[in-house]
Amino acid sequence: MTLDVAWAVDWVRRSAQTVIEHRDELIELDRQIGDGDHGENMTRGFTAVVAKLDALDAAPADIGEVLKLVATTLMSTVGGAAGPLYGTAYLRAAKATGVPELDSQGVVALLEAALEGIVARGKATTGEKTMVDAWTPATEAAVAAADSGASPADVLSAAADAAHEGAEATIPLVATKGRASYLGERSAGHLDPGARSTELILRAAAQAAE
Amino acid sequence: MTLDVAWAVDWVRRSAQTVIEHRDELIELDRQIGDGDHGENMTRGFTAVVAKLDALDAAPADIGEVLKLVATTLMSTVGGAAGPLYGTAYLRAAKATGVPELDSQGVVALLEAALEGIVARGKATTGEKTMVDAWTPATEAAVAAADSGASPADVLSAAADAAHEGAEATIPLVATKGRASYLGERSAGHLDPGARSTELILRAAAQAAE
Amino acid sequence: MAAVKKLINDPQTVVAESLEGFGAAHPDVVTIHSDPWFVARAGGASAGKVGLVSGGGSGHEPLHGGFVGVGMLDAAVPGAMFTSPTPDQIAPAIQAADSGAGVLAIVKNYTGDVLNFETAAELADAEGVTVRTVVVNDDVAVEDSLYTAGRRGVAGTVAVEKIAGAAAERGYDLDAVAAVAEKVIANVRSMGVALTACTVPHAGKPSFDLPDDEIEIGIGIHGEPGRRRIPLAGADEITEMLLTPVADDLNLAGGEKVLLFVNGMGGTPASELYVVYRRARALLEERGVEVTRSLVGNYVTSLEMQGASVTVLRLDDELTALWDAPVHTTALRW
Amino acid sequence: MAAVKKLINDPQTVVAESLEGFGAAHPDVVTIHSDPWFVARAGGASAGKVGLVSGGGSGHEPLHGGFVGVGMLDAAVPGAMFTSPTPDQIAPAIQAADSGAGVLAIVKNYTGDVLNFETAAELADAEGVTVRTVVVNDDVAVEDSLYTAGRRGVAGTVAVEKIAGAAAERGYDLDAVAAVAEKVIANVRSMGVALTACTVPHAGKPSFDLPDDEIEIGIGIHGEPGRRRIPLAGADEITEMLLTPVADDLNLAGGEKVLLFVNGMGGTPASELYVVYRRARALLEERGVEVTRSLVGNYVTSLEMQGASVTVLRLDDELTALWDAPVHTTALRW
Ligand SMILES: Nc1ncnc2c1ncn2[C@@H]1O[C@H](COP(=O)(O)OP(=O)(O)O)[C@@H](O)[C@H]1O
Ligand SMILES: Nc1ncnc2c1ncn2[C@@H]1O[C@H](COP(=O)(O)OP(=O)(O)O)[C@@H](O)[C@H]1O
Ligand SMILES: [Mg+2]
Ligand SMILES: [Mg+2]
Ligand SMILES: [Mg+2]
Ligand SMILES: [Mg+2]
């Protein structure tokens with residue numbers, strides 16, 4: 001089994017839907033330890049992405065084209081920290097997936113490229129209470145699943161599960177990157193909004209692959 | 001029975017005490033239909049009056065001297081509408097009482113002069129929801145009491161009672177003078193703060209005469 | 001009474017401490033007199049120039065102290081919070097502003113301000129100063145009638161002070177300065193809205209209680225409730241409720257030129273004031289009125305109140321030139 | 001979500017409508033570009049002058065649009081409320097500001113601002129514009145460490161923009177303008193306090209919940225909670241909590257000259273800012289430090305937040321002269 005461009009389009013549409021559904025929750029998480037805009041930023045970005053998708057003359061040729069559209073649209077509409085971070089993630093993922101279909105190792109390559117992009121831009125490592133704390137275990141879980149022969153759908157499902165765990169695990173952390181770091185010790189006890197949006201997006205990927 | 005300068009000093013001290021005690025109530029009344037400062041203004045003024053009295057080298061010679069001290073001090077410390085109005089009231093009253101002792105007709109003359117001063121300054125007539133609505137019935141009641149042979153203490157007591165009635169009667173009125181007039185119909189249903197402070201001051205006069 | 005949540009030390013000292021800070025921050029523009037309290041131009045009265053004095057309760061900053069300086073006021077007299085100053089403050093300020101050419105007192109139409117300035121003018125007159133008084137009454141929310149206290153003076157006061165100040169600087173004599181001030185007063189109208197009340201320090205609680213979904217239309221600048229309370233509406237709709245009575249009262253006709261002034265009540269973000277400005281300007285343009293001058297900002301405030309007022313001044317060439325004339329105060333400068 | 005009590009029509013349109021109003025009110029100073037949104041000087045880039053561009057989330061007005069004009073910025077890029085603008089807004093603004101002498105980007109130290117400006121600089125560079133970037137990080141409330149996002153950029157940004165702007169106007173080349181901007185950054189520190197939270201329009205509720213008798217010390221300008229929450233105190237005491245870490249971090253010594261800047265967070269009355277100024281100045285004087293320049297007002301705000309920040313800039317002759325140089329923007333003018 002492999003994932004094709006239809007999966008990519010479905011992933012993006014599901015991402016938009018789940019981000020919009022969780023807009024208020026993401027705002028509230030960001031209000032606790034940031035500036036309360038993450039849900040609004042992601043909603044604005046993914047709404048624009050869907051509008052761009054809808055406006056395409058021809059169906060996108062490959063997964064890479066879809067991801068590139070997401071990358072440039074998020075970059076130009078989200079702003080804040082999340083805009084460049086997710087933008088770079090999708091841009092690197094697009095470059096890693098210039099192929100018509102993805103097998104399990106292809107999915108791993110996509111996730112690894114995205115994570116590398118985020119780290120290259122944001123310079124965060126794990127434990128700093130950022131989206132990296134969701135992306136890193138997600139990527140690791142994907143590697144393990146793919147290495148044990150799981151299908152692309154199962155690889156994504158494992159990634160989403162691990163992203164969930166990773167996001168929850170940000171709660172006790174004291175932030176040392178991003179806006180939450182200004183709070184010092186007071187940032188502990190709250191879930192990182194970017195980690196939560198990461199989890200939502202990876203869950204959407206898994207569901208699109210089901 | 002007549003009232004002397006000791007009464008005048010006692011009146012002023014009692015006025016200060018009652019105004020200070022009712023500071024918050026006067027603020028609240030003014031907050032309803034004005035700008036919430038009447039209690040503060042009167043407290044500031046009468047606190048200064050008492051300080052001036054305390055600082056006098058020699059006891060005041062006559063009632064007029066006491067009232068003039070009140071007039072100039074209120075004029076220079078109260079501000080707002082109440083400052084010039086009460087200031088003029090006491091100034092006119094001082095002029096009308098350049099005598100060592102006041103009999104009942106002398107008390108009437110004091111009140112009439114005060115009322116005339118307020119009207120001369122503020123150009124309000126009765127029914128406009130101002131302190132004039134307390135001073136006018138007070139003065140009328142004083143005239144009636146004095147004419148029927150009441151003592152100065154009873155004249156003042158009648159005046160205070162009438163001021164109370166007059167103040168209560170401002171509640172349904174729509175203000176057409178002073179700050180409350182800006183509210184139009186919305187000024188109805190509230191007691192006028194200046195009418196209330198008038199009542200307090202006249203009650204202090206009666207109690208000082210007891 | 002619970003301590004009120006403000007950056008103050010004590011409600012009794014806030015006005016004095018604030019004036020001290022103001023004087024320390026701007027010694028090149030103002031000098032603070034402390035006994036009695038008033039603000040005068042650094043350097044004192046200019047020989048031969050008509051003096052301009054205004055004043056009123058504190059809590060409306062930058063009005064009036066922020067408008068003391070070249071091209072505007074010579075002195076400003078601050079009362080206690082929301083309370084007119086007393087004659088014995090005003091009279092010395094008038095004297096300080098006089099250089100022999102007389103003094104124009106610019107008074108906002110409140111019983112307290114009018115009465116205290118009246119007495120002060122008598123006192124100054126007794127000291128040989130010629131004083132003329134103009135009374136600003138631009139607030140169309142209030143019915144103007146012979147049988148009431150009349151309309152309040154609100155944000156339009158800035159235009160009166162600026163334009164009369166420029167006239168005085170140009171050498172107009174006292175009658176002429178008074179005449180141009182009266183011309184501004186005759187041609188300026190305002191109306192305001194409050195989204196929240198304000199808290200006078202000594203009162204310790206909000207000036208009125210307003211539910212989260214209601215606003216007060218037709219408020220003054222002393223935290224008084226307005227003429228009516230209405231449900232919260234969009235900025236465009238609210239702006240129309242403010243602009244329409246202003247423009248109607250001025251009888252504005254197509255082709256006329258105006259100054260449009262959107263004033264913040266103290267706690268409204270600048271971004272919102274520009275949203276109001278945008279709509280007010282569009283409404284004027286729909287009437288064929290040309291907005292040739294603009295002012296947007298917090299100039300006549302009610303402490304931390306959220307809300308705004310819209311002021312329109314009908315301009316002619318004289319008023320426009322005087323508006324454009326140089327001004328160097330702490331709050332207005334060009 | 002209940003409608004939020006603001007003078008806006010819609011959280012989605014408030015930034016655009018506000019910019020439209022801003023442009024309409026001040027056509028002599030700024031031109032508004034709408035696709036993408038940025039504010040540029042009316043008249044465009046001056047030939048041969050280094051261009052200055054800044055930007056950041058909206059909601060801090062007058063920062064940055066209010067500082068566009070002669071002697072300060074060439075362009076300002078507003079993001080959504082409290083959200084950094086995007087590279088495709090910033091890059092055209094940089095290009096518009098360039099007249100061939102290169103552009104200095106003044107960026108406040110937030111991950112979002114830094115990343116978006118970084119990408120924009122790459123884009124502009126690809127179009128042949130030489131871009132240098134300085135990052136303002138004056139907030140001493142935040143620990144500055146190699147292992148964190150570092151200190152935030154807050155009110156000190158005004159000093160950087162003013163002084164670098166004057167340097168550019170005087171003909172300094174790009175390296176020299178960047179050097180003087182870095183000198184300001186090295187010598188400016190700030191710290192802020194919030195008495196109330198602010199409400200971002202799209203969030204619809206206050207940025208934090210603060211009891212009536214508590215305040216947040218060490219806040220930024222995005223409605224984030226501060227470093228710690230303390231019981232309400234008097235203005236003098238609070239001012240000391242702000243000024244002391246600022247002066248300590250600057251290692252101010254007796255005899256040094258400084259600019260003292262008391263900034264309002266948007267909803268604080270001017271009278272209170274001067275109470276803070278008064279105390280901050282006294283504390284500096286107690287240290288033997290001379291306050292030779294002052295600025296007091298709402299310049300870097302957090303919507304309608306009540307609170308203030310204290311900024312101190314160590315001055316030398318060059319910085320003083322550049323601070324004094326003429327400036328003509330909508331928010332700062334002399
Ligand atoms: N340096 C970084 N590396 C990775 N992720 C980061 C970094 N800084 C911030 N983030 C992520 O960005 C999220 C905040 O995004 P958002 O609220 O949209 O932007 P902003 O902080 O500019 O308001 C945080 O929850 C965190 O997960
Ligand atoms: N024209 C007037 N004539 C008589 N009394 C007046 C007049 N205007 C106002 N007052 C009285 O003054 C009172 C308000 O006083 P105060 O609150 O101290 O002054 P201000 O209205 O300036 O804040 C009113 O309650 C009213 O009784
Ligand atoms: Mg955020
Ligand atoms: Mg009052
Ligand atoms: Mg008053
Ligand atoms: Mg943000």
# chains A, B, ... in the order shown; residues from 1 in each chain; ligands from 1
call {"tool": "residues_around", "arguments": {"residues": "region 83-85 of chain C", "least_positions_apart": "6", "cutoff": "7 Å", "atoms": "only C-alpha atoms", "output": "list in words"}}
result
Gly79 and Gly80 of chain B; Gly56, Gly57, Ser58, Val77, Gly112, Asp113 and Asn116 of chain C
call {"tool": "write_last_selection", "arguments": {"atoms": "all heavy atoms", "output": "compact mmCIF listing (two decimals), in the first residue's frame"}}
result
# COMPACT_ATOMS: atom_id res chain seq x y z
N GLY B 79 -13.87 73.89 45.09
CA GLY B 79 -13.96 73.81 43.63
C GLY B 79 -15.30 73.28 43.20
O GLY B 79 -16.26 73.22 44.00
N GLY B 80 -15.39 72.86 41.94
CA GLY B 80 -16.65 72.32 41.43
C GLY B 80 -17.77 73.34 41.54
O GLY B 80 -17.54 74.54 41.75
N GLY C 56 -9.71 73.36 34.46
CA GLY C 56 -10.86 72.51 34.75
C GLY C 56 -10.40 71.39 35.66
O GLY C 56 -9.25 71.38 36.12
N GLY C 57 -11.27 70.45 35.91
CA GLY C 57 -10.89 69.32 36.75
C GLY C 57 -9.73 68.55 36.13
O GLY C 57 -9.54 68.56 34.91
N SER C 58 -8.97 67.87 36.95
CA SER C 58 -7.93 66.97 36.43
C SER C 58 -8.59 65.67 35.97
O SER C 58 -9.78 65.45 36.18
CB SER C 58 -6.89 66.68 37.52
OG SER C 58 -6.16 67.85 37.80
N VAL C 77 -5.05 75.60 34.56
CA VAL C 77 -5.31 75.46 36.00
C VAL C 77 -6.03 74.14 36.25
O VAL C 77 -7.18 73.96 35.87
CB VAL C 77 -6.18 76.62 36.50
CG1 VAL C 77 -6.14 76.67 38.02
CG2 VAL C 77 -5.73 77.95 35.91
N GLY C 112 -19.63 74.38 37.65
CA GLY C 112 -18.47 74.62 38.50
C GLY C 112 -17.41 75.46 37.81
O GLY C 112 -16.91 76.44 38.37
N ASP C 113 -17.05 75.08 36.59
CA ASP C 113 -16.01 75.82 35.88
C ASP C 113 -16.45 77.26 35.66
O ASP C 113 -15.67 78.20 35.86
CB ASP C 113 -15.72 75.17 34.52
CG ASP C 113 -14.99 73.83 34.66
OD1 ASP C 113 -15.30 73.11 35.61
OD2 ASP C 113 -14.12 73.54 33.84
N ASN C 116 -16.42 79.23 39.07
CA ASN C 116 -15.09 79.48 39.63
C ASN C 116 -14.28 80.45 38.76
O ASN C 116 -13.56 81.29 39.27
CB ASN C 116 -14.34 78.16 39.83
CG ASN C 116 -14.86 77.38 41.03
OD1 ASN C 116 -14.66 77.77 42.17
ND2 ASN C 116 -15.59 76.30 40.76
call {"tool": "select_by_dssp", "arguments": {"residues": "region 182-289 of chain D", "states": "helix (DSSP H, G or I)", "output": "PyMOL selection string"}}
result
chain D and resi 182-187+235-250+270-286
call {"tool": "residues_around", "arguments": {"residues": "region 165-180 of chain B", "least_positions_apart": "5", "cutoff": "9 Å", "atoms": "only C-alpha atoms", "output": "PyMOL selection string"}}
result
(chain B and resi 30+32-35+81+122-124+127-138+160+185-196+198-199) or (chain C and resi 110-112+147-150+224)
call {"tool": "residues_around", "arguments": {"residues": "region 179-192 of chain D", "least_positions_apart": "3", "cutoff": "7 Å", "atoms": "only C-alpha atoms", "output": "ChimeraX atom specification"}}
result
/D:134,136,138-141,155-156,160,164,175-176,217-220,242,246,250,308-314
call {"tool": "calpha_fit_and_write", "arguments": {"fixed": "chain B", "moving": "chain A", "output": "short mmCIF file (atom, residue, chain, number, x, y, z; two decimals) with C-alpha atoms, in the first residue's frame"}}
result
data_model
loop_
_atom_site.label_atom_id
_atom_site.label_comp_id
_atom_site.auth_asym_id
_atom_site.auth_seq_id
_atom_site.Cartn_x
_atom_site.Cartn_y
_atom_site.Cartn_z
CA MET A 1 -32.67 82.54 73.98
CA THR A 2 -30.14 83.58 71.36
CA LEU A 3 -27.28 81.98 69.48
CA ASP A 4 -23.75 83.28 69.92
CA VAL A 5 -20.36 82.81 68.35
CA ALA A 6 -19.82 79.56 70.27
CA TRP A 7 -22.88 78.19 68.50
CA ALA A 8 -21.44 79.24 65.15
CA VAL A 9 -18.15 77.50 65.87
CA ASP A 10 -19.98 74.41 67.05
CA TRP A 11 -22.17 74.47 63.95
CA VAL A 12 -19.13 74.54 61.73
CA ARG A 13 -17.40 71.72 63.57
CA ARG A 14 -20.54 69.60 63.52
CA SER A 15 -20.96 70.35 59.83
CA ALA A 16 -17.47 69.09 59.18
CA GLN A 17 -18.11 65.96 61.18
CA THR A 18 -21.37 65.08 59.48
CA VAL A 19 -20.05 65.84 55.99
CA ILE A 20 -17.04 63.61 56.61
CA GLU A 21 -19.25 60.87 58.03
CA HIS A 22 -21.46 61.04 54.95
CA ARG A 23 -18.60 61.39 52.47
CA ASP A 24 -19.16 58.03 50.81
CA GLU A 25 -22.92 58.50 50.65
CA LEU A 26 -22.55 61.90 48.98
CA ILE A 27 -20.03 60.42 46.54
CA GLU A 28 -22.44 57.64 45.71
CA LEU A 29 -25.35 60.04 45.19
CA ASP A 30 -23.18 62.15 42.90
CA ARG A 31 -21.90 59.06 41.11
CA GLN A 32 -25.51 58.21 40.19
CA ILE A 33 -26.32 61.49 38.44
CA GLY A 34 -23.09 63.47 38.45
CA ASP A 35 -19.37 62.89 38.58
CA GLY A 36 -18.99 61.28 42.00
CA ASP A 37 -17.00 63.99 43.74
CA HIS A 38 -19.46 65.87 45.94
CA GLY A 39 -18.57 63.94 49.12
CA GLU A 40 -14.88 64.36 48.42
CA ASN A 41 -15.25 68.05 47.62
CA MET A 42 -17.23 68.81 50.78
CA THR A 43 -14.87 66.72 52.91
CA ARG A 44 -11.85 68.54 51.52
CA GLY A 45 -13.53 71.88 52.14
CA PHE A 46 -14.75 71.31 55.67
CA THR A 47 -11.51 69.62 56.69
CA ALA A 48 -9.76 72.80 55.63
CA VAL A 49 -12.31 74.90 57.50
CA VAL A 50 -11.67 73.04 60.74
CA ALA A 51 -7.93 73.34 60.24
CA LYS A 52 -8.34 77.10 59.78
CA LEU A 53 -10.51 77.33 62.90
CA ASP A 54 -7.96 75.37 64.90
CA ALA A 55 -5.18 77.64 63.71
CA LEU A 56 -6.86 80.89 64.74
CA ASP A 57 -4.80 82.92 67.22
CA ALA A 58 -7.80 84.46 68.89
CA ALA A 59 -11.35 83.17 69.21
CA PRO A 60 -13.54 84.71 66.48
CA ALA A 61 -15.25 87.89 67.59
CA ASP A 62 -18.68 87.23 66.15
CA ILE A 63 -20.81 84.89 64.10
CA GLY A 64 -20.10 86.84 60.96
CA GLU A 65 -16.37 86.27 61.34
CA VAL A 66 -16.88 82.52 61.66
CA LEU A 67 -19.12 82.38 58.62
CA LYS A 68 -16.71 84.48 56.60
CA LEU A 69 -13.90 82.09 57.43
CA VAL A 70 -16.08 79.23 56.22
CA ALA A 71 -16.98 81.13 53.07
CA THR A 72 -13.45 81.95 51.99
CA THR A 73 -12.13 78.51 52.88
CA LEU A 74 -14.84 76.65 50.99
CA MET A 75 -14.40 78.98 48.05
CA SER A 76 -10.69 78.26 47.90
CA THR A 77 -10.70 74.52 48.57
CA VAL A 78 -13.92 72.92 47.32
CA GLY A 79 -13.98 73.82 43.64
CA GLY A 80 -16.66 72.32 41.43
CA ALA A 81 -20.16 73.77 41.53
CA ALA A 82 -20.53 73.34 45.28
CA GLY A 83 -17.50 75.50 46.14
CA PRO A 84 -18.74 78.80 44.75
CA LEU A 85 -22.35 78.03 45.71
CA TYR A 86 -21.69 77.23 49.36
CA GLY A 87 -18.96 79.86 49.44
CA THR A 88 -21.37 82.54 48.33
CA ALA A 89 -24.03 81.23 50.70
CA TYR A 90 -21.73 81.60 53.71
CA LEU A 91 -20.40 84.94 52.50
CA ARG A 92 -23.89 86.41 52.25
CA ALA A 93 -24.83 84.80 55.55
CA ALA A 94 -21.78 86.35 57.16
CA LYS A 95 -22.79 89.78 55.93
CA ALA A 96 -26.30 89.28 57.32
CA THR A 97 -24.98 88.32 60.74
CA GLY A 98 -22.48 90.96 61.74
CA VAL A 99 -23.99 90.87 65.19
CA PRO A 100 -22.84 89.17 68.42
CA GLU A 101 -26.03 87.17 68.96
CA LEU A 102 -28.84 85.84 66.79
CA ASP A 103 -32.46 85.68 67.79
CA SER A 104 -35.02 83.76 65.78
CA GLN A 105 -35.41 86.49 63.21
CA GLY A 106 -31.62 86.65 63.01
CA VAL A 107 -31.55 82.97 62.15
CA VAL A 108 -34.13 83.60 59.45
CA ALA A 109 -32.01 86.42 58.07
CA LEU A 110 -28.98 84.12 57.98
CA LEU A 111 -30.83 81.43 56.05
CA GLU A 112 -32.46 83.87 53.68
CA ALA A 113 -29.13 85.47 52.87
CA ALA A 114 -27.54 82.09 52.23
CA LEU A 115 -30.32 81.05 49.89
CA GLU A 116 -30.18 84.38 48.07
CA GLY A 117 -26.46 83.88 47.58
CA ILE A 118 -26.96 80.44 46.09
CA VAL A 119 -29.65 81.65 43.74
CA ALA A 120 -27.64 84.71 42.75
CA ARG A 121 -24.69 82.50 41.79
CA GLY A 122 -26.39 79.42 40.42
CA LYS A 123 -29.52 80.95 38.88
CA ALA A 124 -31.58 77.92 39.81
CA THR A 125 -35.15 78.01 41.00
CA THR A 126 -37.00 75.31 42.88
CA GLY A 127 -37.81 72.14 41.00
CA GLU A 128 -34.53 72.05 39.11
CA LYS A 129 -33.12 69.30 41.34
CA THR A 130 -30.39 71.25 43.12
CA MET A 131 -29.53 72.32 46.64
CA VAL A 132 -32.03 75.13 46.13
CA ASP A 133 -34.73 72.49 46.60
CA ALA A 134 -33.49 71.95 50.15
CA TRP A 135 -32.61 75.55 51.02
CA THR A 136 -35.93 77.00 49.87
CA PRO A 137 -38.31 74.93 52.02
CA ALA A 138 -35.81 75.20 54.88
CA THR A 139 -35.94 78.97 54.71
CA GLU A 140 -39.70 79.01 54.38
CA ALA A 141 -40.09 76.74 57.39
CA ALA A 142 -37.75 78.96 59.37
CA VAL A 143 -39.82 82.02 58.54
CA ALA A 144 -43.00 80.28 59.63
CA ALA A 145 -41.46 79.01 62.86
CA ALA A 146 -39.94 82.35 63.78
CA ASP A 147 -43.18 84.15 62.99
CA SER A 148 -45.00 81.79 65.35
CA GLY A 149 -42.51 82.64 68.11
CA ALA A 150 -40.26 79.60 68.06
CA SER A 151 -36.81 79.71 69.65
CA PRO A 152 -33.73 79.91 67.42
CA ALA A 153 -33.11 76.21 68.13
CA ASP A 154 -36.63 75.34 67.06
CA VAL A 155 -36.38 77.56 64.01
CA LEU A 156 -33.25 75.67 62.93
CA SER A 157 -34.86 72.36 63.72
CA ALA A 158 -37.83 73.24 61.54
CA ALA A 159 -35.44 74.32 58.79
CA ALA A 160 -33.52 71.05 58.99
CA ASP A 161 -36.74 69.02 58.86
CA ALA A 162 -37.89 70.95 55.82
CA ALA A 163 -34.48 70.55 54.17
CA HIS A 164 -34.83 66.82 54.66
CA GLU A 165 -38.27 66.82 53.04
CA GLY A 166 -36.97 69.04 50.25
CA ALA A 167 -34.02 66.78 49.61
CA GLU A 168 -36.19 63.67 49.47
CA ALA A 169 -38.53 65.50 47.13
CA THR A 170 -35.73 65.92 44.59
CA ILE A 171 -35.82 62.19 43.88
CA PRO A 172 -38.51 62.17 41.17
CA LEU A 173 -37.34 65.44 39.61
CA VAL A 174 -35.65 65.72 36.22
CA ALA A 175 -32.63 67.97 36.68
CA THR A 176 -32.42 71.14 34.61
CA LYS A 177 -29.44 72.72 36.34
CA GLY A 178 -26.01 71.40 37.23
CA ARG A 179 -24.30 68.31 36.00
CA ALA A 180 -27.31 66.04 36.51
CA SER A 181 -29.15 67.98 33.80
CA TYR A 182 -26.92 66.28 31.19
CA LEU A 183 -28.70 63.06 31.98
CA GLY A 184 -32.09 64.41 31.00
CA GLU A 185 -34.86 61.99 31.97
CA ARG A 186 -32.30 59.58 33.41
CA SER A 187 -31.70 61.98 36.31
CA ALA A 188 -35.12 61.14 37.74
CA GLY A 189 -35.18 58.58 40.53
CA HIS A 190 -32.11 59.86 42.37
CA LEU A 191 -31.62 62.20 45.30
CA ASP A 192 -29.63 65.35 44.54
CA PRO A 193 -26.30 65.26 46.40
CA GLY A 194 -26.19 69.01 47.03
CA ALA A 195 -29.68 68.88 48.54
CA ARG A 196 -28.51 66.11 50.81
CA SER A 197 -25.40 68.00 51.96
CA THR A 198 -27.62 71.02 52.61
CA GLU A 199 -29.82 68.91 54.85
CA LEU A 200 -26.76 67.63 56.74
CA ILE A 201 -25.43 71.12 57.32
CA LEU A 202 -28.76 72.50 58.52
CA ARG A 203 -29.23 69.53 60.83
CA ALA A 204 -25.79 70.31 62.28
CA ALA A 205 -26.93 73.89 62.88
CA ALA A 206 -30.00 72.69 64.73
CA GLN A 207 -28.04 70.24 66.85
CA ALA A 208 -25.48 72.89 67.77
CA ALA A 209 -28.36 75.02 69.01
CA GLU A 210 -29.94 72.32 71.16
#
call {"tool": "closest_residue", "arguments": {"among": "C:Val114, C:Val53, C:Ala235, C:Ala126", "to": "chain B", "atoms": "only C-alpha atoms"}}
result
C:Val114
call {"tool": "closest_residue", "arguments": {"among": "C:Pro245, C:Gly204, C:Pro326, C:Gly297", "to": "chain B", "atoms": "only C-alpha atoms"}}
result
C:Gly204
call {"tool": "select_by_dssp", "arguments": {"residues": "region 98-320 of chain D", "states": "strand (DSSP E)", "output": "MDAnalysis selection string"}}
result
chainID D and resid 103:108 131:136 188:194 214:217 228:231 257:264 290:297 307:315
call {"tool": "atom_distance", "arguments": {"atom1": "CA of Ala101 (chain C)", "atom2": "CA of Gly128 (chain C)"}}
result
11.2 Å
call {"tool": "closest_atom_pairs", "arguments": {"of": "chain C", "to": "chain D", "cutoff": "8 Å", "atoms": "only C-alpha atoms", "output": "CSV"}}
result
residue,atom,partner,partner_atom,distance
C:Ala3,CA,D:Asp213,CA,7.7
C:Lys5,CA,D:Leu195,CA,6.8
C:Lys6,CA,D:Leu195,CA,7.3
C:Leu7,CA,D:Ala235,CA,4.7
C:Ile8,CA,D:Ala235,CA,4.7
C:Asn9,CA,D:Gly234,CA,4.6
C:Asp10,CA,D:Gly234,CA,7.7
C:Val14,CA,D:Val275,CA,7.2
C:Val15,CA,D:Ser271,CA,7.4
C:Glu17,CA,D:Val275,CA,5.6
C:Ser18,CA,D:Val275,CA,4.6
C:Leu19,CA,D:Tyr274,CA,7.3
C:Glu20,CA,D:Arg278,CA,6.7
C:Gly21,CA,D:Arg278,CA,4.2
C:Phe22,CA,D:Tyr274,CA,5.7
C:Ala24,CA,D:Arg278,CA,7.2
C:Ala25,CA,D:Ser294,CA,5.7
C:His26,CA,D:Ser294,CA,7.6
C:Gly59,CA,D:Ser271,CA,7.0
C:Glu61,CA,D:Ala270,CA,6.0
C:Pro62,CA,D:Ala270,CA,6.9
C:Leu195,CA,D:Lys5,CA,6.8
C:Asp212,CA,D:Lys5,CA,7.0
C:Asp213,CA,D:Lys5,CA,7.1
C:Leu232,CA,D:Lys5,CA,7.2
C:Gly234,CA,D:Asn9,CA,4.6
C:Ala235,CA,D:Ile8,CA,4.7
C:Asp236,CA,D:Asn9,CA,6.6
C:Gly266,CA,D:Pro269,CA,6.1
C:Gly267,CA,D:Gly267,CA,4.0
C:Thr268,CA,D:Glu304,CA,5.9
C:Pro269,CA,D:Leu303,CA,5.1
C:Ala270,CA,D:Glu61,CA,6.0
C:Ser271,CA,D:Ser18,CA,5.4
C:Glu272,CA,D:Leu7,CA,5.4
C:Leu273,CA,D:Leu7,CA,7.6
C:Tyr274,CA,D:Gly21,CA,4.8
C:Val275,CA,D:Ser18,CA,4.6
C:Val276,CA,D:Leu7,CA,7.3
C:Tyr277,CA,D:Gly21,CA,5.7
C:Arg278,CA,D:Gly21,CA,4.2
C:Arg279,CA,D:Gly21,CA,7.9
C:Arg293,CA,D:Ala25,CA,7.9
C:Ser294,CA,D:Ala25,CA,5.7
C:Leu295,CA,D:Ala25,CA,7.4
C:Val296,CA,D:Ala25,CA,7.7
C:Leu303,CA,D:Pro269,CA,5.1
C:Glu304,CA,D:Pro269,CA,5.5
C:Gly307,CA,D:Leu7,CA,7.6
C:Arg333,CA,D:Arg333,CA,6.7
C:Trp334,CA,D:Trp334,CA,7.0
call {"tool": "residues_around", "arguments": {"residues": "Val68 (chain D)", "least_positions_apart": "3", "cutoff": "8 Å", "atoms": "only C-alpha atoms", "output": "list in words"}}
result
Val29, Val30, Val39, Ala40, Arg41, His64, Gly65, Met72, Leu73, Asp74, Ala75, Ala76, Thr329 and Thr330 of chain D
